[in-house]
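Participant: What follows is upload-v1.cif; its format and atoms are mmCIF, C-alpha atoms and all ligand atoms.
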data_data
#
loop_
_atom_site.label_atom_id
_atom_site.label_comp_id
_atom_site.auth_asym_id
_atom_site.auth_seq_id
_atom_site.Cartn_x
_atom_site.Cartn_y
_atom_site.Cartn_z
CA MET E 1 4.50 -36.50 -13.80
CA ARG E 2 0.90 -35.52 -14.49
CA ILE E 3 -0.45 -32.00 -14.47
CA GLY E 4 -4.24 -31.98 -14.62
CA THR E 5 -5.27 -34.66 -17.09
CA PHE E 6 -2.06 -34.18 -18.94
CA ASP E 7 1.04 -36.38 -18.79
CA LEU E 8 4.21 -34.38 -19.25
CA ASP E 9 6.11 -37.50 -20.36
CA GLN E 10 4.07 -37.34 -23.55
CA PHE E 11 5.97 -34.20 -24.52
CA TYR E 12 9.03 -36.22 -25.36
CA PRO E 13 8.22 -39.00 -27.81
CA GLU E 14 11.77 -38.71 -29.15
CA THR E 15 13.03 -40.41 -26.02
CA HIS E 16 11.28 -43.60 -27.18
CA LEU E 17 13.30 -43.37 -30.40
CA GLN E 18 16.46 -42.82 -28.38
CA THR E 19 15.61 -45.90 -26.30
CA VAL E 20 15.13 -48.09 -29.39
CA THR E 21 18.38 -46.79 -30.93
CA ALA E 22 20.37 -47.27 -27.73
CA ALA E 23 18.84 -50.72 -27.17
CA THR E 24 19.70 -51.79 -30.73
CA LEU E 25 23.24 -50.42 -30.56
CA LEU E 26 23.92 -52.08 -27.21
CA THR E 27 21.95 -55.31 -27.48
CA VAL E 28 22.71 -56.54 -31.01
CA PRO E 29 26.54 -56.69 -30.61
CA ALA E 30 26.14 -58.27 -27.15
CA LEU E 31 23.82 -60.96 -28.49
CA ALA E 32 26.04 -61.42 -31.58
CA THR E 33 28.96 -62.28 -29.31
CA GLY E 34 26.71 -64.96 -27.81
CA SER E 35 26.23 -63.47 -24.33
CA PHE E 36 22.59 -63.55 -23.26
CA VAL E 37 23.38 -61.91 -19.89
CA ALA E 38 25.18 -59.01 -21.61
CA GLY E 39 22.20 -58.60 -23.95
CA VAL E 40 19.72 -58.39 -21.09
CA SER E 41 21.99 -55.98 -19.16
CA ALA E 42 22.25 -53.77 -22.24
CA LEU E 43 18.46 -53.64 -22.54
CA GLY E 44 18.24 -52.65 -18.86
CA LEU E 45 20.81 -49.93 -19.43
CA ALA E 46 18.81 -48.58 -22.36
CA TRP E 47 15.67 -48.42 -20.24
CA VAL E 48 17.47 -46.55 -17.44
CA ALA E 49 18.88 -44.13 -20.04
CA ARG E 50 15.39 -43.48 -21.39
CA GLN E 51 14.02 -42.73 -17.92
CA SER E 52 16.88 -40.33 -17.17
CA ILE E 53 16.60 -38.50 -20.50
CA THR E 54 12.85 -38.06 -20.03
CA ALA E 55 13.26 -36.82 -16.46
CA TRP E 56 16.08 -34.48 -17.47
CA LYS E 57 14.12 -32.94 -20.34
CA ARG E 58 10.99 -32.65 -18.24
CA ASP E 59 12.81 -30.97 -15.35
CA ASN E 60 14.39 -28.54 -17.75
CA CYS E 61 10.96 -27.70 -19.04
CA LEU E 62 9.53 -27.21 -15.56
CA LEU E 63 12.56 -25.29 -14.42
CA GLY E 64 12.09 -22.96 -17.35
CA SER E 65 15.69 -22.93 -18.52
CA ASP E 66 14.86 -24.72 -21.73
CA LEU E 67 11.17 -24.16 -22.26
CA ASP E 68 9.88 -25.84 -25.34
CA ALA E 69 7.27 -23.32 -26.40
CA GLU E 70 6.32 -25.30 -29.53
CA ASP E 71 5.43 -28.37 -27.50
CA THR E 72 3.59 -26.60 -24.74
CA ARG E 73 1.61 -24.37 -27.07
CA GLU E 74 0.06 -27.44 -28.69
CA HIS E 75 -1.57 -28.34 -25.40
CA ALA E 76 -4.13 -25.98 -23.98
CA ALA E 77 -3.73 -27.63 -20.57
CA VAL E 78 -0.15 -26.50 -19.96
CA ASN E 79 1.27 -23.15 -20.99
CA THR E 80 4.22 -21.11 -20.00
CA ASN E 81 2.54 -17.92 -19.05
CA ASN E 82 5.02 -15.34 -20.22
CA ASP E 83 2.81 -12.51 -19.16
CA VAL E 84 2.49 -13.83 -15.61
CA THR E 85 6.18 -14.78 -15.58
CA ALA E 86 7.24 -11.26 -16.57
CA ARG E 87 4.92 -9.66 -14.05
CA LEU E 88 5.99 -12.08 -11.32
CA ARG E 89 9.64 -11.32 -11.97
CA LYS E 90 8.95 -7.60 -11.94
CA ALA E 91 6.80 -7.75 -8.81
CA THR E 92 9.19 -9.94 -6.84
CA GLY E 93 12.55 -8.93 -8.28
CA ASN E 94 13.31 -12.66 -8.59
CA GLN E 95 14.44 -13.41 -12.13
CA ASP E 96 14.39 -17.19 -11.49
CA LEU E 97 10.62 -17.33 -11.19
CA THR E 98 9.00 -18.91 -14.21
CA ALA E 99 5.29 -19.60 -14.25
CA ILE E 100 3.83 -22.51 -16.16
CA GLU E 101 0.08 -22.51 -16.17
CA SER E 102 -2.30 -25.45 -16.20
CA ARG E 103 -5.61 -26.28 -14.57
CA SER E 104 -7.23 -28.94 -12.45
CA ALA E 105 -10.90 -29.55 -11.67
CA GLN E 106 -11.28 -26.32 -9.70
CA TYR E 107 -8.01 -24.45 -9.80
CA ARG E 108 -5.76 -22.53 -12.10
CA LEU E 109 -2.31 -23.96 -11.31
CA LEU E 110 0.83 -21.96 -11.55
CA SER E 111 4.00 -24.04 -11.39
CA VAL E 112 6.78 -21.83 -10.15
CA ALA E 113 10.37 -22.96 -10.51
CA ASN E 114 11.36 -22.44 -6.91
CA ASP E 115 10.94 -24.71 -3.91
CA ASP E 116 12.12 -22.41 -1.15
CA PRO E 117 9.02 -22.06 1.08
CA ALA E 118 10.38 -18.88 2.69
CA GLN E 119 10.88 -17.15 -0.67
CA ILE E 120 7.48 -18.21 -1.99
CA ALA E 121 5.68 -17.23 1.22
CA LYS E 122 7.22 -13.78 0.92
CA VAL E 123 6.00 -13.27 -2.65
CA LEU E 124 2.57 -14.92 -2.32
CA PRO E 125 0.68 -11.62 -1.81
CA ARG E 126 2.34 -10.23 -4.94
CA ILE E 127 1.53 -13.39 -6.87
CA ALA E 128 -2.09 -12.97 -5.72
CA SER E 129 -2.17 -9.44 -7.07
CA VAL E 130 -0.59 -10.55 -10.36
CA LEU E 131 -3.29 -13.23 -10.68
CA GLY E 132 -6.00 -10.81 -9.58
CA VAL E 133 -7.22 -12.89 -6.61
CA ALA E 134 -7.40 -12.27 -2.88
CA PRO E 135 -4.24 -13.57 -1.13
CA ASP E 136 -6.23 -15.80 1.21
CA ALA E 137 -7.93 -17.47 -1.77
CA LEU E 138 -4.58 -18.76 -2.99
CA GLY E 139 -3.57 -22.31 -2.14
CA TRP E 140 -0.01 -23.44 -2.24
CA ILE E 141 1.92 -26.70 -2.50
CA PRO E 142 5.36 -25.53 -1.39
CA THR E 143 7.48 -28.49 -2.44
CA ALA E 144 5.61 -30.13 -5.28
CA GLY E 145 8.86 -31.49 -6.69
CA ARG E 146 12.51 -30.62 -7.07
CA ASP E 147 12.73 -26.83 -7.53
CA LEU E 148 8.97 -26.67 -7.97
CA SER E 149 6.11 -25.04 -6.08
CA ILE E 150 2.53 -24.99 -7.24
CA ILE E 151 0.27 -22.05 -6.55
CA LEU E 152 -3.47 -22.73 -6.74
CA ALA E 153 -5.92 -20.00 -7.69
CA PRO E 154 -9.62 -20.97 -7.64
CA LEU E 155 -11.27 -20.78 -11.07
CA GLU E 156 -14.65 -19.19 -11.72
CA ARG E 157 -17.42 -21.62 -10.86
CA ALA E 158 -18.56 -21.89 -14.48
CA GLU E 159 -15.12 -23.28 -15.36
CA TRP E 160 -15.06 -26.06 -12.78
CA LEU E 161 -14.81 -29.63 -14.06
CA PRO E 162 -16.59 -32.57 -12.45
CA VAL E 163 -14.52 -35.54 -11.29
CA PRO E 164 -16.35 -38.75 -12.19
CA PHE E 165 -16.31 -41.63 -9.74
CA ASN E 166 -13.58 -43.95 -10.96
CA GLU E 167 -14.29 -47.61 -10.32
CA SER E 168 -11.00 -48.72 -11.84
CA ALA E 169 -9.13 -47.18 -8.89
CA LEU E 170 -10.78 -49.75 -6.56
CA THR E 171 -9.63 -53.32 -5.88
CA GLN E 172 -12.06 -56.23 -5.59
CA GLY E 173 -11.98 -57.84 -2.15
CA LYS E 174 -10.47 -54.75 -0.50
CA LEU E 175 -12.09 -51.86 1.33
CA ILE E 176 -10.65 -49.09 -0.81
CA GLY E 177 -12.34 -45.68 -0.74
CA TYR E 178 -12.29 -43.48 -3.83
CA VAL E 179 -12.08 -39.82 -2.81
CA GLY E 180 -11.49 -38.00 -6.12
CA ARG E 181 -8.53 -36.46 -7.92
CA ASP E 182 -5.76 -34.31 -6.54
CA VAL E 183 -4.86 -31.05 -8.24
CA LEU E 184 -2.28 -32.83 -10.39
CA GLY E 185 -4.93 -35.23 -11.68
CA ASN E 186 -3.91 -38.31 -9.66
CA HIS E 187 -6.60 -40.50 -8.11
CA VAL E 188 -6.92 -40.09 -4.35
CA THR E 189 -7.86 -43.32 -2.56
CA TYR E 190 -7.34 -44.88 0.87
CA SER E 191 -7.61 -48.32 2.39
CA ARG E 192 -9.73 -49.11 5.44
CA GLN E 193 -7.22 -51.84 6.26
CA ASP E 194 -4.54 -49.20 6.88
CA ALA E 195 -6.80 -46.51 8.30
CA PRO E 196 -10.19 -47.85 9.35
CA HIS E 197 -12.11 -44.74 10.38
CA MET E 198 -12.81 -41.54 8.49
CA LEU E 199 -13.75 -38.01 9.54
CA ILE E 200 -15.44 -35.86 6.87
CA SER E 201 -15.77 -32.18 7.72
CA GLY E 202 -17.55 -29.54 5.69
CA THR E 203 -20.00 -26.75 6.08
CA THR E 204 -23.27 -26.64 4.16
CA ARG E 205 -22.90 -26.92 0.32
CA SER E 206 -19.25 -27.89 0.68
CA GLY E 207 -19.77 -31.33 -0.85
CA LYS E 208 -19.78 -33.42 2.34
CA THR E 209 -22.85 -35.44 1.35
CA GLU E 210 -21.36 -36.22 -2.08
CA ALA E 211 -18.15 -37.31 -0.37
CA ILE E 212 -20.10 -39.71 1.87
CA ARG E 213 -21.95 -41.00 -1.21
CA ALA E 214 -18.67 -41.67 -3.00
CA ASP E 215 -17.44 -43.56 0.04
CA LEU E 216 -20.63 -45.63 0.28
CA GLN E 217 -20.32 -46.45 -3.41
CA SER E 218 -16.66 -47.48 -2.96
CA MET E 219 -17.55 -49.82 -0.11
CA ARG E 220 -20.48 -51.35 -2.03
CA LEU E 221 -18.21 -52.00 -5.00
CA SER E 222 -15.59 -53.72 -2.83
CA GLY E 223 -17.21 -57.09 -3.48
CA LEU E 224 -17.40 -57.67 0.30
CA ARG E 225 -21.16 -57.06 0.64
CA PRO E 226 -20.78 -54.57 3.51
CA GLU E 227 -23.56 -54.17 6.04
CA ILE E 228 -24.24 -50.42 6.02
CA HIS E 229 -25.83 -48.42 8.85
CA ILE E 230 -26.62 -44.73 8.36
CA ILE E 231 -27.50 -42.28 11.11
CA ASP E 232 -28.27 -39.00 9.41
CA ALA E 233 -29.97 -36.18 11.29
CA LYS E 234 -30.88 -34.27 8.11
CA GLY E 235 -32.04 -37.33 6.15
CA THR E 236 -30.18 -36.42 2.94
CA LEU E 237 -28.78 -39.94 2.62
CA CYS E 238 -32.22 -41.58 2.89
CA ARG E 239 -32.11 -43.02 -0.62
CA GLU E 240 -28.87 -44.93 -0.06
CA GLN E 241 -29.09 -48.74 -0.01
CA CYS E 242 -28.36 -49.83 3.54
CA ALA E 243 -29.23 -52.26 6.33
CA THR E 244 -30.56 -49.54 8.65
CA PHE E 245 -31.24 -45.85 8.23
CA THR E 246 -32.46 -43.38 10.80
CA THR E 247 -32.86 -39.67 11.33
CA ASP E 248 -33.86 -40.28 14.96
CA MET E 249 -30.84 -39.77 17.22
CA GLY E 250 -32.23 -41.99 20.00
CA GLU E 251 -32.58 -44.80 17.49
CA GLY E 252 -29.11 -43.96 16.16
CA LEU E 253 -27.57 -44.40 19.58
CA ALA E 254 -29.39 -47.72 20.06
CA THR E 255 -28.09 -48.88 16.66
CA LEU E 256 -24.51 -48.10 17.70
CA GLN E 257 -24.95 -49.87 21.05
CA ALA E 258 -26.28 -52.96 19.28
CA ILE E 259 -23.28 -52.89 16.92
CA VAL E 260 -20.90 -52.74 19.90
CA GLU E 261 -22.54 -55.88 21.34
CA ARG E 262 -22.13 -57.71 18.04
CA ALA E 263 -18.56 -56.46 17.66
CA ARG E 264 -17.65 -57.89 21.07
CA GLU E 265 -19.03 -61.28 20.03
CA ARG E 266 -17.19 -61.10 16.74
CA ILE E 267 -13.85 -60.41 18.34
CA ARG E 268 -14.25 -63.51 20.57
CA GLU E 269 -14.90 -65.59 17.45
CA ILE E 270 -11.92 -64.03 15.60
CA VAL E 271 -9.52 -64.60 18.49
CA ALA E 272 -10.76 -68.20 18.92
CA THR E 273 -9.53 -68.98 15.39
CA GLY E 274 -6.06 -67.64 16.23
CA CYS E 275 -6.49 -64.40 14.27
CA ASP E 276 -5.79 -60.89 15.54
CA ASN E 277 -8.34 -59.05 13.47
CA TRP E 278 -11.12 -59.21 10.92
CA PHE E 279 -8.76 -58.87 7.92
CA GLN E 280 -6.73 -61.90 9.05
CA TYR E 281 -9.90 -63.81 9.81
CA ARG E 282 -11.27 -63.06 6.36
CA ALA E 283 -8.06 -64.26 4.73
CA LYS E 284 -8.05 -67.45 6.82
CA CYS E 285 -11.77 -68.32 6.87
CA PRO E 286 -13.41 -66.48 3.93
CA ASP E 287 -16.49 -68.72 3.97
CA VAL E 288 -17.53 -67.99 7.55
CA CYS E 289 -16.11 -64.50 8.01
CA PRO E 290 -19.00 -62.02 8.48
CA ALA E 291 -19.41 -58.96 6.25
CA PRO E 292 -17.73 -55.71 7.26
CA ILE E 293 -20.00 -53.34 9.15
CA MET E 294 -19.85 -49.77 7.86
CA VAL E 295 -21.30 -47.07 10.12
CA TYR E 296 -21.97 -43.57 8.78
CA VAL E 297 -23.02 -40.82 11.16
CA ASP E 298 -23.76 -37.54 9.42
CA GLU E 299 -23.82 -34.56 11.74
CA TYR E 300 -22.12 -36.22 14.71
CA PRO E 301 -22.76 -33.31 17.14
CA GLN E 302 -26.51 -33.92 16.70
CA LEU E 303 -26.06 -37.51 17.81
CA ARG E 304 -23.79 -36.41 20.65
CA LYS E 305 -26.52 -34.04 21.89
CA GLN E 306 -28.74 -37.09 22.42
CA ASP E 307 -26.57 -38.31 25.31
CA LYS E 308 -23.00 -36.99 25.29
CA GLU E 309 -21.57 -39.61 27.64
CA ALA E 310 -23.27 -42.62 26.06
CA VAL E 311 -22.40 -41.48 22.51
CA GLU E 312 -18.75 -40.85 23.32
CA THR E 313 -18.49 -44.21 25.10
CA VAL E 314 -19.94 -46.12 22.19
CA VAL E 315 -18.06 -44.23 19.43
CA GLY E 316 -14.89 -44.45 21.53
CA GLU E 317 -15.16 -48.24 21.86
CA LEU E 318 -16.07 -48.77 18.21
CA THR E 319 -13.17 -46.70 16.91
CA ARG E 320 -10.55 -47.79 19.48
CA VAL E 321 -11.19 -51.52 19.44
CA HIS E 322 -13.58 -52.71 16.81
CA ALA E 323 -11.81 -52.13 13.53
CA ALA E 324 -10.39 -55.50 14.59
CA SER E 325 -13.97 -56.83 14.58
CA GLY E 326 -14.57 -55.49 11.08
CA VAL E 327 -16.46 -52.34 12.11
CA PHE E 328 -15.53 -49.13 10.26
CA VAL E 329 -16.85 -45.73 11.29
CA THR E 330 -17.28 -42.56 9.23
CA LEU E 331 -18.31 -39.35 10.98
CA GLY E 332 -19.59 -36.28 9.14
CA ILE E 333 -19.42 -32.91 10.85
CA GLN E 334 -20.29 -29.42 9.63
CA LYS E 335 -18.39 -27.28 12.09
CA PRO E 336 -15.57 -29.23 13.70
CA LYS E 337 -14.85 -27.85 17.15
CA ALA E 338 -12.56 -29.14 19.86
CA ASP E 339 -15.41 -29.24 22.40
CA THR E 340 -17.77 -31.34 20.25
CA LEU E 341 -15.00 -33.54 18.90
CA PRO E 342 -12.57 -34.13 21.77
CA THR E 343 -9.00 -35.13 20.93
CA GLU E 344 -9.34 -38.69 22.24
CA ILE E 345 -12.19 -39.33 19.75
CA ARG E 346 -10.66 -37.29 16.91
CA ASP E 347 -7.33 -39.12 17.14
CA MET E 348 -9.06 -42.39 16.28
CA PHE E 349 -9.81 -41.05 12.79
CA ASP E 350 -6.76 -41.49 10.61
CA ILE E 351 -8.51 -40.61 7.38
CA ARG E 352 -9.40 -36.94 7.37
CA LEU E 353 -11.31 -35.38 4.54
CA ALA E 354 -11.97 -31.67 4.91
CA MET E 355 -14.19 -29.79 2.52
CA ARG E 356 -14.70 -26.05 3.12
CA VAL E 357 -15.06 -25.33 6.86
CA PRO E 358 -16.08 -22.08 8.61
CA ASP E 359 -12.66 -20.89 9.80
CA SER E 360 -9.03 -21.82 10.33
CA LYS E 361 -9.71 -23.12 13.85
CA ALA E 362 -12.20 -25.59 12.39
CA SER E 363 -9.62 -26.51 9.75
CA MET E 364 -7.11 -27.31 12.51
CA VAL E 365 -9.64 -29.62 14.19
CA ALA E 366 -10.64 -31.18 10.85
CA ILE E 367 -7.24 -31.80 9.32
CA ASP E 368 -4.60 -30.52 11.72
CA GLU E 369 -3.66 -27.58 9.54
CA PRO E 370 -5.28 -24.36 8.36
CA GLY E 371 -6.45 -23.93 4.77
CA ALA E 372 -9.79 -25.75 4.53
CA GLU E 373 -11.53 -22.45 5.38
CA GLY E 374 -10.32 -21.08 2.02
CA LEU E 375 -11.53 -23.99 -0.13
CA PRO E 376 -13.97 -22.98 -2.87
CA GLY E 377 -16.68 -25.54 -1.90
CA ALA E 378 -18.68 -27.99 -4.07
CA GLY E 379 -16.26 -30.87 -3.66
CA ALA E 380 -12.90 -29.10 -3.18
CA PHE E 381 -11.03 -30.97 -0.47
CA MET E 382 -7.95 -31.28 1.66
CA PHE E 383 -7.22 -34.90 2.49
CA ARG E 384 -4.87 -36.51 4.96
CA ASN E 385 -4.23 -40.21 5.32
CA GLY E 386 -2.53 -40.89 8.67
CA GLY E 387 0.81 -39.17 8.94
CA ASP E 388 1.02 -38.34 5.22
CA SER E 389 1.05 -34.75 4.14
CA VAL E 390 -2.17 -33.07 3.07
CA VAL E 391 -3.35 -33.49 -0.52
CA ARG E 392 -5.68 -30.99 -2.19
CA GLY E 393 -8.15 -31.89 -4.90
CA ARG E 394 -11.79 -32.29 -5.88
CA GLY E 395 -14.11 -35.05 -4.72
CA ALA E 396 -15.78 -37.53 -7.02
CA LEU E 397 -19.29 -36.85 -8.15
CA ILE E 398 -21.35 -39.98 -8.67
CA GLU E 399 -23.04 -39.94 -12.05
CA GLY E 400 -26.55 -38.56 -11.77
CA ALA E 401 -25.86 -37.01 -8.35
CA ASP E 402 -25.77 -33.66 -10.02
CA LYS E 403 -26.34 -32.46 -13.57
CA ALA E 404 -23.52 -29.97 -13.96
CA SER E 405 -20.77 -29.11 -11.55
CA GLY E 406 -20.91 -25.43 -12.38
CA ALA E 407 -24.68 -25.18 -12.31
CA GLU E 408 -25.13 -24.40 -8.63
CA PRO E 409 -25.27 -20.81 -7.46
CA ALA E 410 -22.27 -19.80 -5.39
CA SER E 411 -22.67 -20.59 -1.70
CA THR E 412 -22.96 -17.79 0.75
CA ALA E 413 -21.87 -20.02 3.62
N1 LIG G 501 -17.52 -33.52 -5.90
C1 LIG G 501 -18.34 -32.64 -6.44
N2 LIG G 501 -18.25 -32.30 -7.73
C2 LIG G 501 -19.09 -31.39 -8.26
N3 LIG G 501 -20.05 -30.76 -7.59
C3 LIG G 501 -20.19 -31.07 -6.31
C4 LIG G 501 -19.35 -32.02 -5.66
N4 LIG G 501 -19.73 -32.12 -4.38
C5 LIG G 501 -20.74 -31.27 -4.23
N5 LIG G 501 -21.02 -30.64 -5.38
C6 LIG G 501 -22.04 -29.63 -5.60
O1 LIG G 501 -22.29 -28.95 -4.38
C7 LIG G 501 -23.66 -29.11 -3.99
C8 LIG G 501 -23.67 -29.34 -2.49
O2 LIG G 501 -23.10 -30.59 -2.23
P1 LIG G 501 -23.52 -31.48 -0.98
O3 LIG G 501 -24.99 -31.68 -0.98
O4 LIG G 501 -22.67 -32.69 -0.97
O5 LIG G 501 -23.10 -30.49 0.15
P2 LIG G 501 -23.21 -30.67 1.71
O6 LIG G 501 -21.91 -30.17 2.22
O7 LIG G 501 -23.59 -32.02 2.09
O8 LIG G 501 -24.31 -29.62 2.02
P3 LIG G 501 -25.59 -29.76 2.95
O9 LIG G 501 -25.07 -29.97 4.33
O10 LIG G 501 -26.28 -28.45 2.76
O11 LIG G 501 -26.38 -30.94 2.42
C9 LIG G 501 -24.18 -30.30 -4.82
O12 LIG G 501 -25.51 -30.12 -5.17
C10 LIG G 501 -23.33 -30.21 -6.05
O13 LIG G 501 -23.88 -29.27 -6.93
#
Would you give me this structure, written as C-alpha cells?
Facilitator:
Amino acid sequence: MRIGTFDLDQFYPETHLQTVTAATLLTVPALATGSFVAGVSALGLAWVARQSITAWKRDNCLLGSDLDAEDTREHAAVNTNNDVTARLRKATGNQDLTAIESRSAQYRLLSVANDDPAQIAKVLPRIASVLGVAPDALGWIPTAGRDLSIILAPLERAEWLPVPFNESALTQGKLIGYVGRDVLGNHVTYSRQDAPHMLISGTTRSGKTEAIRADLQSMRLSGLRPEIHIIDAKGTLCREQCATFTTDMGEGLATLQAIVERARERIREIVATGCDNWFQYRAKCPDVCPAPIMVYVDEYPQLRKQDKEAVETVVGELTRVHAASGVFVTLGIQKPKADTLPTEIRDMFDIRLAMRVPDSKASMVAIDEPGAEGLPGAGAFMFRNGGDSVVRGRGALIEGADKASGAEPASTA
C-alpha cells in the first residue's frame, strides 16, 4: 500500500529476511530428497508467507494496535499524530480512533482506524475542529481499506506539490490518458478503448485547461498519430499542436459536422472488413487503419449557444455511434448544469473528471456525487471511470506549463 510517495511495505525489510530463511529451511531439504516439485512448492509457500507477514504487520501499524513509532518517525511522510489522536479520542469519546498523518500533493491525510461510515460521518465535524479546518473543506474516503478511513484536509497553497506528467504510465499503441495521482500517490489513468469520451468540468482557475493539456499530451504520446481538432471559445489552447483549431463557434460546428460525415464513411469501411469497431480494425489492418480522431471542445455551452439543436445532434451522434469509427470526444465545461448538458448527452461520457465546480448541484451533474464544490482548485480533482467509485487526487502539470504550483494567488472563484 502506498501513502503519498511512500510505500508502507518498505517499513518491514525484516520480512525479506524471513522469506529467505523460510525458503532455505523449506527448499533445501526438499531438493536434497530429490523432489523438484516439492522444492518449487516450498518456494511458493515461502513467498505466500512473506506476503501475509508483511500485510499483517502493516495492518497492525495502520490499525494502531502495534504502532512502530521508531519506524514511522524516520519518515517525515507518515507519522502517528499522537496529539491529534488524543484530541480525536477526547472529542469523539471513541478510544479506537488512531490518526496516522501523511500528505499527498494537496492534502494532509489522516488515516483513521475505523471503516464504519456512520461513525465517521458523526465525528467529522469534531475532526474538522481538531484539525482547525471548516467541516465542508474536509474530504473523506470512507472505506480506504479494511478498518481504515482517510480524512483529507486541504493544505496551505504554499505547501502544495506539483504532479509531473508521467509518461511511463502510458502504453505505446494504446489510447491511455494520464490524469495525475490520487491522494495515495497512485497514478490515475484511463483507456479510451474502455471509455471513449471524457467530460472535464471545472470553474475558472480550477485546472481544467491543464487537465485538457495533459490529455492531449497523453494522446500524442500514444504512438497512434492522432488527428486532433480543438474548438475552444476562449482560445487558451491555441498553442497546442493540432489539425484544426478554432475559437469561432460557427466554424466549430462545421468542423464537427464534417467529422460526422467522415465517421460515417469510416464505419462503412470498418464493417466491410468484418470488424465491429476501429480498435478491431486497427488490430486487423494496421497499415490501412486511419488515425484516431480526437475532438476537444472547451466551453461546450458556448458551442451549444451557436445552434442548440444542431450541436446536440452532432455531439449526440459522435458520442453514441462513432467511438466505433475511431472518434473520441472530450468536452470541457465550467458550470455543469442539467439544462445545458442534458442527461442523454451526459450519459455518453463515461470518463468524468471534475475539478472545483461552483456548487454541489454542479458536482452532481459533473460526477454524479457532491464534493467537487469543496475541491481546493489548481488541479485537485475527483475522477470517475464508468461505474467505478470516485477517486480524488491532483492532476498532472506538464513541465513548463507553470513555474511553481504554489505560486498562484488563491482563486476567489
Ligand atoms: N495540475 C496542476 N498542478 C499544479 N498547478 C495547477 C494544476 N492545474 C492548474 N494549476 C494552476 O492553476 C492555474 C489555473 O489553471 P488552468 O488555467 O488550467 O485553469 P482553468 O480552470 O482552465 O481556468 P480558466 O478557465 O480561467 O483558464 C494554473 O496557472 C496553474 O497555476
Participant: Taking only C-alpha atoms and all ligand atoms and a cut-off of 6 Å, can you tell me which residues surround ligand LIG 501 (chain G), written as a PyMOL selection string?
Facilitator: chain E and resi 162+202-210+378-379+394-397+402+405+408
Participant: Compare E:Gln241, E:Pro290, E:Phe165, E:Asp298 by their minimum atom-to-atom distance to Thr330 of chain E, counting all atoms listed in the file, and give me the closest one.
Facilitator: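 Of the candidates, the smallest distance to Thr330 of chain E is held by E:Asp298.
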Participant: Pick out the residues sitting within 10 Å of segment 370-377 of chain E, and hand them over as a ChimeraX atom specification; count all atoms listed in the file, and ignore anything fewer than 6 positions along from it in its own chain.
Facilitator: /E:106-107,136-140,153-157,201-208,353-364,383,392-394,410-411,413
Participant: Atoms to include: C-alpha atoms. Write the selected residues as a PDB file, in the coordinates of the input.
Facilitator:
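Okay, this is what ended up in out-v7.pdb:
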ATOM      1  CA  GLN E 106     -11.280 -26.320  -9.700  1.00  0.00           C
ATOM      2  CA  TYR E 107      -8.010 -24.450  -9.800  1.00  0.00           C
ATOM      3  CA  ASP E 136      -6.230 -15.800   1.210  1.00  0.00           C
ATOM      4  CA  ALA E 137      -7.930 -17.470  -1.770  1.00  0.00           C
ATOM      5  CA  LEU E 138      -4.580 -18.760  -2.990  1.00  0.00           C
ATOM      6  CA  GLY E 139      -3.570 -22.310  -2.140  1.00  0.00           C
ATOM      7  CA  TRP E 140      -0.010 -23.440  -2.240  1.00  0.00           C
ATOM      8  CA  ALA E 153      -5.920 -20.000  -7.690  1.00  0.00           C
ATOM      9  CA  PRO E 154      -9.620 -20.970  -7.640  1.00  0.00           C
ATOM     10  CA  LEU E 155     -11.270 -20.780 -11.070  1.00  0.00           C
ATOM     11  CA  GLU E 156     -14.650 -19.190 -11.720  1.00  0.00           C
ATOM     12  CA  ARG E 157     -17.420 -21.620 -10.860  1.00  0.00           C
ATOM     13  CA  SER E 201     -15.770 -32.180   7.720  1.00  0.00           C
ATOM     14  CA  GLY E 202     -17.550 -29.540   5.690  1.00  0.00           C
ATOM     15  CA  THR E 203     -20.000 -26.750   6.080  1.00  0.00           C
ATOM     16  CA  THR E 204     -23.270 -26.640   4.160  1.00  0.00           C
ATOM     17  CA  ARG E 205     -22.900 -26.920   0.320  1.00  0.00           C
ATOM     18  CA  SER E 206     -19.250 -27.890   0.680  1.00  0.00           C
ATOM     19  CA  GLY E 207     -19.770 -31.330  -0.850  1.00  0.00           C
ATOM     20  CA  LYS E 208     -19.780 -33.420   2.340  1.00  0.00           C
ATOM     21  CA  LEU E 353     -11.310 -35.380   4.540  1.00  0.00           C
ATOM     22  CA  ALA E 354     -11.970 -31.670   4.910  1.00  0.00           C
ATOM     23  CA  MET E 355     -14.190 -29.790   2.520  1.00  0.00           C
ATOM     24  CA  ARG E 356     -14.700 -26.050   3.120  1.00  0.00           C
ATOM     25  CA  VAL E 357     -15.060 -25.330   6.860  1.00  0.00           C
ATOM     26  CA  PRO E 358     -16.080 -22.080   8.610  1.00  0.00           C
ATOM     27  CA  ASP E 359     -12.660 -20.890   9.800  1.00  0.00           C
ATOM     28  CA  SER E 360      -9.030 -21.820  10.330  1.00  0.00           C
ATOM     29  CA  LYS E 361      -9.710 -23.120  13.850  1.00  0.00           C
ATOM     30  CA  ALA E 362     -12.200 -25.590  12.390  1.00  0.00           C
ATOM     31  CA  SER E 363      -9.620 -26.510   9.750  1.00  0.00           C
ATOM     32  CA  MET E 364      -7.110 -27.310  12.510  1.00  0.00           C
ATOM     33  CA  PHE E 383      -7.220 -34.900   2.490  1.00  0.00           C
ATOM     34  CA  ARG E 392      -5.680 -30.990  -2.190  1.00  0.00           C
ATOM     35  CA  GLY E 393      -8.150 -31.890  -4.900  1.00  0.00           C
ATOM     36  CA  ARG E 394     -11.790 -32.290  -5.880  1.00  0.00           C
ATOM     37  CA  ALA E 410     -22.270 -19.800  -5.390  1.00  0.00           C
ATOM     38  CA  SER E 411     -22.670 -20.590  -1.700  1.00  0.00           C
ATOM     39  CA  ALA E 413     -21.870 -20.020   3.620  1.00  0.00           C
TER      40      ALA E 413
END
Participant: Find the residues around Leu170 of chain E up to 8 Å (all atoms listed in the file counted), leave out those fewer than 6 positions away in its own chain, and share them as a list of chain:residue names.
Facilitator: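 Returned residues: E:Ile176, E:Gly177, E:Tyr178, E:Ser218, E:Leu221, E:Ser222.
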Participant: Can you work out the spacing between atom CA of Gly132 of chain E and atom CA of Val163 of chain E in Å, to one decimal?
Facilitator: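 Taking atom CA of Gly132 of chain E and atom CA of Val163 of chain E, their separation equals 26.2 Å.
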Participant: Enclose segment 222-240 of chain E, meaning all of its atoms listed in the file, in a box aligned along x, y and z, pad it by 3 Å on each side, and list the centre and edge lengths in Å to one decimal, as lines of an AutoDock Vina configuration file.
Facilitator:
center_x = -23.9
center_y = -46.0
center_z = 3.9
size_x = 22.6
size_y = 29.4
size_z = 20.8
